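Heads up: the structure comes next, in structure tokens.
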Amino acid sequence: MSRAVVLGGGFAGVLAAAVLARHADEVVVVEGDRYPSGPRPRRGLPQSHHSHVLVAGGARALEALLPGTVGALLAHGAQLRGLPGDALILTADGWFRRMRTDAHLISCTRGLLDEMVRRRALASGAVTVWEDTRALGLLGDAARVGGVAVSRRGAPPETVRADLVVDATGRRSASPRWLAEIGVRDVEETTVATGLAYATRLYRAPAGLAAAIPAIMLHPGPGPGRPARGATLFPVEDGRWVVTLTGTRGGEPPTDEQGFAAFARALRDPLVADLMAEATPLGLIRPYRDTVNRRRFFERARLPAGFAVIGDAAVAVNPVHSHGMSVAARCALRLGEELTRHGGIGPALFPGLQSALAAEAEQSWRMAVEADGEQAGAGTGERAEGTGAGAAERAGAGTGRDGAPRREPNAFEREIRTRLAQAKLSNPRIAAGLFAAQTLLSDDTATDRPEIARVLSGRPEPLLTSEEAIGQYPGLAAWLRSRLAAATP
Amino acid sequence: MSLRISEAVIWQETGEGVSLYHTETGDFHSLNDTGSRIWKLVASDGEREPVMFKLSREFAGSSSAMSRQIVADVRDFIGTMIEQGLIEEVPSEKAEKAAT
Ligand SMILES: Cc1cc2nc3c(=O)[nH]c(=O)nc-3n(C[C@H](O)[C@H](O)[C@H](O)COP(=O)(O)OP(=O)(O)OC[C@H]3O[C@@H](n4cnc5c(N)ncnc54)[C@H](O)[C@@H]3O)c2cc1C
């Protein structure tokens, strides 16, 4: 009888369990928390109070794992928004025009997403979940993990034998310590600070406007040296909106009523503040600060057979990129492929497994650390801009493509950089490439070079004013006009 | 073979010389005075010989040693530009005409 034990029943954990159930006689998920009775946030998932969007690449992986899930989410009120076709995005370089691309995101509360995914992942009955049960450590030695120690509802530790243990306990995973305890030392870890803090609140949307609005993203303005402040407003199920304000060190969003409203009002455009003012707050303003990019290179360690790490426990990126769940889904899909390729859980599976899982997180990690790290990927002015709020953009100077220090850019260089940065706002091909990479639909972050050459040789498209940008969404524009009319005596 | 500036290159003459942007690699380059002069001659003349001829008249005067040096420098410069994909070699018009 083969048994797989998955530690942590969050997004990555339940998907991994669903995959393992096709290859093991028994699958047990060890979850420290209790699942809520409905689509609600829970204690073990502090980030579940904050906006969570599933980007297109992740939705595709989720469909491959659990067909019909995306349709079910939409049927339960999740909102699909094209990028940038149904999204009003103000970047450091200006407003995006509406353009149809394949890129999109699915927006709903994390509670709904988890419930739908969990229900489907566990539907076959082949997976047993032990709620209220904490994983305490690994059993085995540096050559082979043979099980785990767990505590059910605070009871004394018990041991569970396993042929494969998958750690999916998220950002705060204790795997490096657990491995050290059985003689596997020095799991390399890299962190890249973001300095980014979140504050989030749910709202009941004004009647008529709830689901009719685009996703709204206000990125920080240009210029290094100042705190980067931004906001997002995403429509979610049940006529609600989720508003997240973000700020880097010195510009953290407050969590008191007035401070929250004032922060939104002081952003580069007051749109989110205007919408908040007309909506009904639901519950508290929730802060979140643990946004550091953290990667543990388990694939470089000499991992014991019978052990793997998946999801945030291995690679957790700045949430502003909205990649974590999508990467988790891709990793689960890859786990299934590796299991099939190697004939299930057995000695042939283990040697390359962690590298295969890590490869699925590589693109997201690279994009996140390029945006947040010293190199800032700024050499060409073609930075990643997260689908989230902060998408910390920096002025594109100071480093060459290879990250080598270089002289101050001259006027020509500044002009080309500005035109490149602005080209994405109105050029459908360039925007399609950018959003395909950002939503993990394509792992090619290379830009459409011939199109860039064409754009740079022609006349620049004029930038949209705020009125023009909002005017692309007639329903929203009409609502703002009527609000203004009502306020004018 | 004739020379032409790659279609992937956007360039401009600035106060500091010629500045280039290669849209395929994303690299910026700034040329010094001599490089800028050669670049502009390539843009206008499109052949190695007239570029070398004009430059040695400009800089070498009657010194043949200088002239040889300039020819070598121009050859090196153009070679590097070709390697970097900034300048391309194309069959010369004369040769093409002769072949048809
Ligand atoms: C503020 C914020 C916003 C985000 N927004 C997005 C977004 O828009 N889009 C996106 O794709 N991603 C987003 N993310 C990332 C996303 O939350 C994670 O990538 C995702 O939850 C990772 O899934 P996971 O299963 O690896 O970890 P988690 O979902 O965190 O699950 C870990 C599970 O392990 C359990 N656990 C922990 N320790 C133990 C233990 N010792 N024993 C037993 N169980 C244990 C926990 O209770 C939990 O259920 C965001 C993250 C944050 C912080």
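Lettering and numbering for the structure tokens are positional, with chains as A, B, ... in the shown order, residues counted from 1 in each chain, and ligands counted from 1 in the shown order.
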Distance limit 7 Å, reference ligand 1, atoms considered: only C-alpha atoms and all ligand atoms. Which residues make the cut? Give them as a PDB file with N, CA and C atoms, in the first residue's frame.
```pdb
ATOM      1  N   LEU A   7       1.572  17.967   3.753  1.00  0.00           N
ATOM      2  CA  LEU A   7       1.531  18.830   4.931  1.00  0.00           C
ATOM      3  C   LEU A   7       0.993  20.192   4.509  1.00  0.00           C
ATOM      4  N   GLY A   8      -0.132  20.597   5.069  1.00  0.00           N
ATOM      5  CA  GLY A   8      -0.757  21.870   4.704  1.00  0.00           C
ATOM      6  C   GLY A   8      -1.811  21.646   3.638  1.00  0.00           C
ATOM      7  N   GLY A   9      -3.028  22.038   3.965  1.00  0.00           N
ATOM      8  CA  GLY A   9      -4.134  21.869   3.009  1.00  0.00           C
ATOM      9  C   GLY A   9      -4.606  23.196   2.481  1.00  0.00           C
ATOM     10  N   GLY A  10      -3.650  24.057   2.091  1.00  0.00           N
ATOM     11  CA  GLY A  10      -3.986  25.325   1.436  1.00  0.00           C
ATOM     12  C   GLY A  10      -4.130  25.072  -0.057  1.00  0.00           C
ATOM     13  N   PHE A  11      -3.861  26.104  -0.834  1.00  0.00           N
ATOM     14  CA  PHE A  11      -4.067  26.007  -2.286  1.00  0.00           C
ATOM     15  C   PHE A  11      -3.173  24.933  -2.903  1.00  0.00           C
ATOM     16  N   ALA A  12      -1.880  25.000  -2.603  1.00  0.00           N
ATOM     17  CA  ALA A  12      -0.945  24.030  -3.186  1.00  0.00           C
ATOM     18  C   ALA A  12      -1.216  22.631  -2.640  1.00  0.00           C
ATOM     19  N   GLY A  13      -1.518  22.560  -1.345  1.00  0.00           N
ATOM     20  CA  GLY A  13      -1.682  21.258  -0.694  1.00  0.00           C
ATOM     21  C   GLY A  13      -2.833  20.452  -1.263  1.00  0.00           C
ATOM     22  N   VAL A  30      -2.506  16.849   6.034  1.00  0.00           N
ATOM     23  CA  VAL A  30      -2.391  17.264   7.434  1.00  0.00           C
ATOM     24  C   VAL A  30      -2.550  18.780   7.475  1.00  0.00           C
ATOM     25  N   GLU A  31      -3.655  19.257   8.016  1.00  0.00           N
ATOM     26  CA  GLU A  31      -3.925  20.700   8.011  1.00  0.00           C
ATOM     27  C   GLU A  31      -4.075  21.213   9.441  1.00  0.00           C
ATOM     28  N   GLY A  32      -3.259  22.207   9.773  1.00  0.00           N
ATOM     29  CA  GLY A  32      -3.249  22.725  11.136  1.00  0.00           C
ATOM     30  C   GLY A  32      -4.515  23.485  11.509  1.00  0.00           C
ATOM     31  N   ASP A  33      -5.198  23.975  10.529  1.00  0.00           N
ATOM     32  CA  ASP A  33      -6.360  24.823  10.732  1.00  0.00           C
ATOM     33  C   ASP A  33      -7.643  23.991  10.640  1.00  0.00           C
ATOM     34  N   GLY A  44      -5.551  30.158   9.668  1.00  0.00           N
ATOM     35  CA  GLY A  44      -4.283  29.634   9.148  1.00  0.00           C
ATOM     36  C   GLY A  44      -3.853  30.295   7.837  1.00  0.00           C
ATOM     37  N   LEU A  45      -4.701  31.177   7.336  1.00  0.00           N
ATOM     38  CA  LEU A  45      -4.434  31.794   6.038  1.00  0.00           C
ATOM     39  C   LEU A  45      -4.646  33.303   6.171  1.00  0.00           C
ATOM     40  N   GLN A  47      -3.510  35.738   4.800  1.00  0.00           N
ATOM     41  CA  GLN A  47      -3.616  36.505   3.556  1.00  0.00           C
ATOM     42  C   GLN A  47      -4.999  36.387   2.922  1.00  0.00           C
ATOM     43  N   HIS A  50      -7.136  39.352   2.020  1.00  0.00           N
ATOM     44  CA  HIS A  50      -6.651  40.302   1.008  1.00  0.00           C
ATOM     45  C   HIS A  50      -7.011  39.848  -0.406  1.00  0.00           C
ATOM     46  N   SER A  51      -6.948  40.816  -1.343  1.00  0.00           N
ATOM     47  CA  SER A  51      -7.369  40.447  -2.702  1.00  0.00           C
ATOM     48  C   SER A  51      -6.478  39.342  -3.251  1.00  0.00           C
ATOM     49  N   HIS A  52      -7.121  38.393  -3.869  1.00  0.00           N
ATOM     50  CA  HIS A  52      -6.436  37.293  -4.535  1.00  0.00           C
ATOM     51  C   HIS A  52      -7.024  37.126  -5.916  1.00  0.00           C
ATOM     52  N   VAL A  53      -6.228  37.381  -6.935  1.00  0.00           N
ATOM     53  CA  VAL A  53      -6.727  37.116  -8.288  1.00  0.00           C
ATOM     54  C   VAL A  53      -5.945  35.944  -8.870  1.00  0.00           C
ATOM     55  N   LEU A  54      -6.651  35.175  -9.666  1.00  0.00           N
ATOM     56  CA  LEU A  54      -6.011  34.035 -10.327  1.00  0.00           C
ATOM     57  C   LEU A  54      -5.716  34.486 -11.754  1.00  0.00           C
ATOM     58  N   VAL A  55      -4.432  34.516 -12.118  1.00  0.00           N
ATOM     59  CA  VAL A  55      -4.088  34.993 -13.458  1.00  0.00           C
ATOM     60  C   VAL A  55      -4.277  33.862 -14.475  1.00  0.00           C
ATOM     61  N   THR A 133      -4.683  19.504  12.782  1.00  0.00           N
ATOM     62  CA  THR A 133      -3.537  18.618  13.007  1.00  0.00           C
ATOM     63  C   THR A 133      -2.272  19.298  12.509  1.00  0.00           C
ATOM     64  N   ARG A 134      -1.319  19.468  13.385  1.00  0.00           N
ATOM     65  CA  ARG A 134      -0.095  20.174  12.988  1.00  0.00           C
ATOM     66  C   ARG A 134       1.018  19.197  12.657  1.00  0.00           C
ATOM     67  N   ALA A 135       1.734  19.490  11.604  1.00  0.00           N
ATOM     68  CA  ALA A 135       2.944  18.728  11.293  1.00  0.00           C
ATOM     69  C   ALA A 135       4.046  19.235  12.207  1.00  0.00           C
ATOM     70  N   LEU A 136       4.813  18.340  12.778  1.00  0.00           N
ATOM     71  CA  LEU A 136       5.844  18.734  13.742  1.00  0.00           C
ATOM     72  C   LEU A 136       7.252  18.471  13.229  1.00  0.00           C
ATOM     73  N   ALA A 168       3.566  21.496   1.935  1.00  0.00           N
ATOM     74  CA  ALA A 168       2.817  22.605   1.319  1.00  0.00           C
ATOM     75  C   ALA A 168       2.303  23.506   2.428  1.00  0.00           C
ATOM     76  N   THR A 169       3.165  23.790   3.422  1.00  0.00           N
ATOM     77  CA  THR A 169       2.704  24.575   4.575  1.00  0.00           C
ATOM     78  C   THR A 169       2.873  26.079   4.373  1.00  0.00           C
ATOM     79  N   GLY A 170       3.182  26.512   3.167  1.00  0.00           N
ATOM     80  CA  GLY A 170       3.151  27.944   2.874  1.00  0.00           C
ATOM     81  C   GLY A 170       4.395  28.704   3.288  1.00  0.00           C
ATOM     82  N   ARG A 171       4.250  30.027   3.249  1.00  0.00           N
ATOM     83  CA  ARG A 171       5.358  30.962   3.494  1.00  0.00           C
ATOM     84  C   ARG A 171       6.175  30.670   4.734  1.00  0.00           C
ATOM     85  N   ARG A 172       5.524  30.191   5.784  1.00  0.00           N
ATOM     86  CA  ARG A 172       6.265  30.020   7.039  1.00  0.00           C
ATOM     87  C   ARG A 172       6.698  28.582   7.245  1.00  0.00           C
ATOM     88  N   SER A 173       6.833  27.849   6.175  1.00  0.00           N
ATOM     89  CA  SER A 173       7.221  26.433   6.272  1.00  0.00           C
ATOM     90  C   SER A 173       8.470  26.237   7.138  1.00  0.00           C
ATOM     91  N   TYR A 198       0.406  45.972   2.909  1.00  0.00           N
ATOM     92  CA  TYR A 198      -0.950  45.944   2.355  1.00  0.00           C
ATOM     93  C   TYR A 198      -1.947  46.403   3.417  1.00  0.00           C
ATOM     94  N   TYR A 288      -1.284  43.689   6.163  1.00  0.00           N
ATOM     95  CA  TYR A 288      -0.427  42.530   5.861  1.00  0.00           C
ATOM     96  C   TYR A 288       0.966  43.041   5.504  1.00  0.00           C
ATOM     97  N   ASP A 290       4.083  40.708   5.549  1.00  0.00           N
ATOM     98  CA  ASP A 290       5.119  39.722   5.200  1.00  0.00           C
ATOM     99  C   ASP A 290       5.127  39.495   3.685  1.00  0.00           C
ATOM    100  N   THR A 291       5.629  40.474   2.950  1.00  0.00           N
ATOM    101  CA  THR A 291       5.541  40.401   1.492  1.00  0.00           C
ATOM    102  C   THR A 291       6.891  40.137   0.828  1.00  0.00           C
ATOM    103  N   ILE A 310       6.389  22.176  -2.193  1.00  0.00           N
ATOM    104  CA  ILE A 310       5.582  22.776  -3.249  1.00  0.00           C
ATOM    105  C   ILE A 310       4.951  24.071  -2.738  1.00  0.00           C
ATOM    106  N   GLY A 311       4.624  24.984  -3.638  1.00  0.00           N
ATOM    107  CA  GLY A 311       3.912  26.217  -3.270  1.00  0.00           C
ATOM    108  C   GLY A 311       4.819  27.219  -2.576  1.00  0.00           C
ATOM    109  N   ASP A 312       4.200  28.070  -1.764  1.00  0.00           N
ATOM    110  CA  ASP A 312       4.932  29.141  -1.085  1.00  0.00           C
ATOM    111  C   ASP A 312       6.034  28.606  -0.174  1.00  0.00           C
ATOM    112  N   ALA A 313       5.913  27.369   0.279  1.00  0.00           N
ATOM    113  CA  ALA A 313       6.938  26.806   1.158  1.00  0.00           C
ATOM    114  C   ALA A 313       8.292  26.811   0.447  1.00  0.00           C
ATOM    115  N   ALA A 316       8.076  31.932  -2.519  1.00  0.00           N
ATOM    116  CA  ALA A 316       6.983  32.864  -2.228  1.00  0.00           C
ATOM    117  C   ALA A 316       7.400  34.230  -2.749  1.00  0.00           C
ATOM    118  N   PRO A 319       3.422  39.555  -3.195  1.00  0.00           N
ATOM    119  CA  PRO A 319       2.048  39.301  -3.651  1.00  0.00           C
ATOM    120  C   PRO A 319       1.566  40.265  -4.724  1.00  0.00           C
ATOM    121  N   VAL A 320       2.256  41.368  -4.863  1.00  0.00           N
ATOM    122  CA  VAL A 320       1.825  42.351  -5.851  1.00  0.00           C
ATOM    123  C   VAL A 320       1.794  41.750  -7.268  1.00  0.00           C
ATOM    124  N   SER A 322       0.705  38.782  -7.997  1.00  0.00           N
ATOM    125  CA  SER A 322      -0.469  37.891  -8.108  1.00  0.00           C
ATOM    126  C   SER A 322      -0.120  36.563  -8.775  1.00  0.00           C
ATOM    127  N   HIS A 323       0.979  35.972  -8.364  1.00  0.00           N
ATOM    128  CA  HIS A 323       1.439  34.750  -9.009  1.00  0.00           C
ATOM    129  C   HIS A 323       1.342  33.497  -8.153  1.00  0.00           C
ATOM    130  N   GLY A 324       1.295  33.670  -6.821  1.00  0.00           N
ATOM    131  CA  GLY A 324       1.510  32.531  -5.931  1.00  0.00           C
ATOM    132  C   GLY A 324       0.609  31.337  -6.209  1.00  0.00           C
ATOM    133  N   MET A 325      -0.681  31.580  -6.327  1.00  0.00           N
ATOM    134  CA  MET A 325      -1.611  30.463  -6.520  1.00  0.00           C
ATOM    135  C   MET A 325      -1.413  29.829  -7.898  1.00  0.00           C
ATOM    136  N   SER A 326      -1.115  30.672  -8.869  1.00  0.00           N
ATOM    137  CA  SER A 326      -0.933  30.148 -10.228  1.00  0.00           C
ATOM    138  C   SER A 326       0.308  29.266 -10.304  1.00  0.00           C
ATOM    139  N   ALA A 328       1.500  27.655  -7.783  1.00  0.00           N
ATOM    140  CA  ALA A 328       1.147  26.435  -7.046  1.00  0.00           C
ATOM    141  C   ALA A 328       0.403  25.466  -7.973  1.00  0.00           C
ATOM    142  N   GLY A 388      -1.134  43.342  -9.509  1.00  0.00           N
ATOM    143  CA  GLY A 388      -1.551  43.887  -8.228  1.00  0.00           C
ATOM    144  C   GLY A 388      -1.275  45.373  -8.168  1.00  0.00           C
TER     145      GLY A 388
END
```
(Q) Give me, as a VMD selection string, all polymer residues having an atom no more than 12 Å from Pro450 of chain A, counting only C-alpha atoms and skipping those fewer than 3 positions away in the same chain. (A) (chain A and resid 429 to 430 446 to 447 453 to 457) or (chain B and resid 6 to 10 22 to 26)
Dump of N, CA, C and O atoms for the selected residues, as an mmCIF file, in the first residue's frame:
```
data_model
loop_
_atom_site.group_PDB
_atom_site.id
_atom_site.type_symbol
_atom_site.label_atom_id
_atom_site.label_comp_id
_atom_site.auth_asym_id
_atom_site.auth_seq_id
_atom_site.Cartn_x
_atom_site.Cartn_y
_atom_site.Cartn_z
ATOM 1 N N ARG A 429 0.108 44.672 -29.736
ATOM 2 C CA ARG A 429 1.055 43.540 -29.753
ATOM 3 C C ARG A 429 2.001 43.577 -28.571
ATOM 4 O O ARG A 429 2.298 42.555 -27.956
ATOM 5 N N ILE A 430 2.472 44.785 -28.259
ATOM 6 C CA ILE A 430 3.394 44.899 -27.130
ATOM 7 C C ILE A 430 2.650 44.608 -25.827
ATOM 8 O O ILE A 430 3.144 43.877 -24.959
ATOM 9 N N ALA A 446 10.540 37.948 -23.391
ATOM 10 C CA ALA A 446 11.129 38.765 -24.449
ATOM 11 C C ALA A 446 10.028 39.591 -25.097
ATOM 12 O O ALA A 446 8.884 39.167 -25.195
ATOM 13 N N THR A 447 10.410 40.764 -25.517
ATOM 14 C CA THR A 447 9.414 41.652 -26.098
ATOM 15 C C THR A 447 9.370 41.444 -27.598
ATOM 16 O O THR A 447 10.272 40.880 -28.184
ATOM 17 N N ALA A 453 10.633 48.125 -32.907
ATOM 18 C CA ALA A 453 11.344 48.907 -33.922
ATOM 19 C C ALA A 453 10.326 49.739 -34.714
ATOM 20 O O ALA A 453 10.544 50.918 -34.993
ATOM 21 N N ARG A 454 9.203 49.110 -35.047
ATOM 22 C CA ARG A 454 8.168 49.804 -35.828
ATOM 23 C C ARG A 454 7.609 50.991 -35.026
ATOM 24 O O ARG A 454 7.483 52.098 -35.541
ATOM 25 N N VAL A 455 7.323 50.734 -33.766
ATOM 26 C CA VAL A 455 6.730 51.780 -32.932
ATOM 27 C C VAL A 455 7.697 52.950 -32.758
ATOM 28 O O VAL A 455 7.311 54.108 -32.851
ATOM 29 N N LEU A 456 8.974 52.624 -32.542
ATOM 30 C CA LEU A 456 9.936 53.693 -32.287
ATOM 31 C C LEU A 456 10.211 54.524 -33.540
ATOM 32 O O LEU A 456 10.630 55.664 -33.438
ATOM 33 N N SER A 457 9.988 53.915 -34.704
ATOM 34 C CA SER A 457 10.230 54.701 -35.921
ATOM 35 C C SER A 457 9.012 55.543 -36.285
ATOM 36 O O SER A 457 9.104 56.413 -37.136
ATOM 37 N N SER B 6 21.349 48.594 -39.651
ATOM 38 C CA SER B 6 20.293 47.602 -39.430
ATOM 39 C C SER B 6 18.951 48.275 -39.171
ATOM 40 O O SER B 6 18.887 49.308 -38.496
ATOM 41 N N GLU B 7 17.908 47.640 -39.692
ATOM 42 C CA GLU B 7 16.566 48.203 -39.476
ATOM 43 C C GLU B 7 16.160 48.126 -38.013
ATOM 44 O O GLU B 7 15.219 48.782 -37.588
ATOM 45 N N ALA B 8 16.885 47.298 -37.271
ATOM 46 C CA ALA B 8 16.552 47.164 -35.841
ATOM 47 C C ALA B 8 17.162 48.298 -35.015
ATOM 48 O O ALA B 8 16.978 48.344 -33.814
ATOM 49 N N VAL B 9 17.899 49.190 -35.682
ATOM 50 C CA VAL B 9 18.582 50.242 -34.920
ATOM 51 C C VAL B 9 17.859 51.582 -35.074
ATOM 52 O O VAL B 9 17.519 51.988 -36.174
ATOM 53 N N ILE B 10 17.611 52.203 -33.942
ATOM 54 C CA ILE B 10 17.094 53.570 -33.941
ATOM 55 C C ILE B 10 18.273 54.440 -33.523
ATOM 56 O O ILE B 10 18.929 54.133 -32.525
ATOM 57 N N HIS B 22 19.473 49.518 -30.030
ATOM 58 C CA HIS B 22 19.264 48.307 -30.817
ATOM 59 C C HIS B 22 17.987 47.636 -30.296
ATOM 60 O O HIS B 22 17.955 47.142 -29.170
ATOM 61 N N THR B 23 16.941 47.652 -31.115
ATOM 62 C CA THR B 23 15.642 47.188 -30.608
ATOM 63 C C THR B 23 15.619 45.678 -30.376
ATOM 64 O O THR B 23 14.775 45.181 -29.650
ATOM 65 N N GLU B 24 16.544 44.938 -30.996
ATOM 66 C CA GLU B 24 16.521 43.485 -30.785
ATOM 67 C C GLU B 24 17.239 43.066 -29.507
ATOM 68 O O GLU B 24 16.856 42.105 -28.862
ATOM 69 N N THR B 25 18.293 43.798 -29.154
ATOM 70 C CA THR B 25 19.014 43.410 -27.935
ATOM 71 C C THR B 25 18.615 44.290 -26.765
ATOM 72 O O THR B 25 18.876 43.942 -25.616
ATOM 73 N N GLY B 26 18.021 45.441 -27.071
ATOM 74 C CA GLY B 26 17.684 46.371 -25.998
ATOM 75 C C GLY B 26 18.891 47.168 -25.512
ATOM 76 O O GLY B 26 18.815 47.829 -24.489
#
```
task: Check the DSSP output for the backbone and give back, as a list in words, the residues of segment 12-73 of chain B in strand (DSSP E).
output: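 DSSP-assigned strand (DSSP E) residues in segment 12-73 of chain B: Gln12, Glu13, Thr14, Gly17, Val18, Ser19, Leu20, Tyr21, His22, Asp27, Phe28, His29 and Ser30 of chain B.
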I'd like the contact shell of Arg226 of chain A - 10 Å cut-off, only C-alpha atoms, skipping same-chain residues fewer than 5 positions apart - returned as a list in words.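 Everything that qualifies: Pro220, Gly221, Thr248, Arg249, Gly250 and Gly251 of chain A.
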Near-Asp33 of chain B list (10 Å; only C-alpha atoms; drop same-chain fewer than 3 positions) as a list of chain:residue names: B:Glu16, B:Gly17, B:Val18, B:Ser30, B:Ser36, B:Arg37, B:Ile38, B:Trp39
I need the residues of chain B that end up classed as alpha helix (DSSP H) by DSSP on the backbone, written out as a PyMOL selection string.
chain B and resi 33-45+48-59+64-83+93-99
Restricting the output to C-alpha atoms, write the selected residues as a PDB file, in the first residue's frame.
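Result file selection13.pdb:
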```
ATOM      1  CA  ASP B  33      33.560  61.560 -32.339  1.00  0.00           C
ATOM      2  CA  THR B  34      35.342  59.275 -34.763  1.00  0.00           C
ATOM      3  CA  GLY B  35      32.777  56.522 -34.392  1.00  0.00           C
ATOM      4  CA  SER B  36      30.007  59.031 -34.994  1.00  0.00           C
ATOM      5  CA  ARG B  37      31.728  60.295 -38.125  1.00  0.00           C
ATOM      6  CA  ILE B  38      32.141  56.769 -39.509  1.00  0.00           C
ATOM      7  CA  TRP B  39      28.538  55.930 -38.627  1.00  0.00           C
ATOM      8  CA  LYS B  40      27.195  58.961 -40.491  1.00  0.00           C
ATOM      9  CA  LEU B  41      29.339  58.150 -43.521  1.00  0.00           C
ATOM     10  CA  VAL B  42      28.047  54.570 -43.515  1.00  0.00           C
ATOM     11  CA  ALA B  43      24.513  55.957 -43.334  1.00  0.00           C
ATOM     12  CA  SER B  44      25.063  58.296 -46.272  1.00  0.00           C
ATOM     13  CA  ASP B  45      27.488  56.359 -48.493  1.00  0.00           C
ATOM     14  CA  ARG B  48      33.475  50.842 -47.165  1.00  0.00           C
ATOM     15  CA  GLU B  49      35.758  52.526 -49.680  1.00  0.00           C
ATOM     16  CA  PRO B  50      34.227  56.007 -49.733  1.00  0.00           C
ATOM     17  CA  VAL B  51      34.090  55.974 -45.929  1.00  0.00           C
ATOM     18  CA  MET B  52      37.786  55.152 -45.678  1.00  0.00           C
ATOM     19  CA  PHE B  53      38.654  57.574 -48.430  1.00  0.00           C
ATOM     20  CA  LYS B  54      36.794  60.500 -46.881  1.00  0.00           C
ATOM     21  CA  LEU B  55      38.151  59.860 -43.425  1.00  0.00           C
ATOM     22  CA  SER B  56      41.756  59.584 -44.469  1.00  0.00           C
ATOM     23  CA  ARG B  57      41.418  62.807 -46.434  1.00  0.00           C
ATOM     24  CA  GLU B  58      39.952  64.458 -43.370  1.00  0.00           C
ATOM     25  CA  PHE B  59      42.426  63.210 -40.826  1.00  0.00           C
ATOM     26  CA  SER B  64      50.494  57.460 -45.609  1.00  0.00           C
ATOM     27  CA  ALA B  65      51.235  55.880 -42.213  1.00  0.00           C
ATOM     28  CA  MET B  66      48.308  57.796 -40.744  1.00  0.00           C
ATOM     29  CA  SER B  67      46.206  56.811 -43.690  1.00  0.00           C
ATOM     30  CA  ARG B  68      46.955  53.109 -43.127  1.00  0.00           C
ATOM     31  CA  GLN B  69      46.098  53.514 -39.478  1.00  0.00           C
ATOM     32  CA  ILE B  70      42.778  55.147 -40.339  1.00  0.00           C
ATOM     33  CA  VAL B  71      41.893  52.396 -42.793  1.00  0.00           C
ATOM     34  CA  ALA B  72      42.651  49.789 -40.130  1.00  0.00           C
ATOM     35  CA  ASP B  73      40.624  51.679 -37.511  1.00  0.00           C
ATOM     36  CA  VAL B  74      37.645  52.057 -39.814  1.00  0.00           C
ATOM     37  CA  ARG B  75      37.815  48.370 -40.711  1.00  0.00           C
ATOM     38  CA  ASP B  76      37.902  47.434 -37.003  1.00  0.00           C
ATOM     39  CA  PHE B  77      35.076  49.763 -36.119  1.00  0.00           C
ATOM     40  CA  ILE B  78      32.851  48.525 -38.928  1.00  0.00           C
ATOM     41  CA  GLY B  79      33.740  44.920 -38.047  1.00  0.00           C
ATOM     42  CA  THR B  80      32.621  45.476 -34.451  1.00  0.00           C
ATOM     43  CA  MET B  81      29.416  47.170 -35.564  1.00  0.00           C
ATOM     44  CA  ILE B  82      28.643  44.214 -37.856  1.00  0.00           C
ATOM     45  CA  GLU B  83      29.362  41.756 -35.054  1.00  0.00           C
ATOM     46  CA  GLU B  93      23.948  47.218 -55.913  1.00  0.00           C
ATOM     47  CA  LYS B  94      26.676  47.125 -58.547  1.00  0.00           C
ATOM     48  CA  ALA B  95      27.273  43.427 -57.992  1.00  0.00           C
ATOM     49  CA  GLU B  96      23.549  42.747 -58.057  1.00  0.00           C
ATOM     50  CA  LYS B  97      23.139  44.616 -61.295  1.00  0.00           C
ATOM     51  CA  ALA B  98      26.030  42.729 -62.836  1.00  0.00           C
ATOM     52  CA  ALA B  99      24.468  39.428 -61.849  1.00  0.00           C
TER      53      ALA B  99
END
```
Here atom CA of Thr244 of chain A and atom CA of Ser482 of chain A stand apart by 25.4 Å
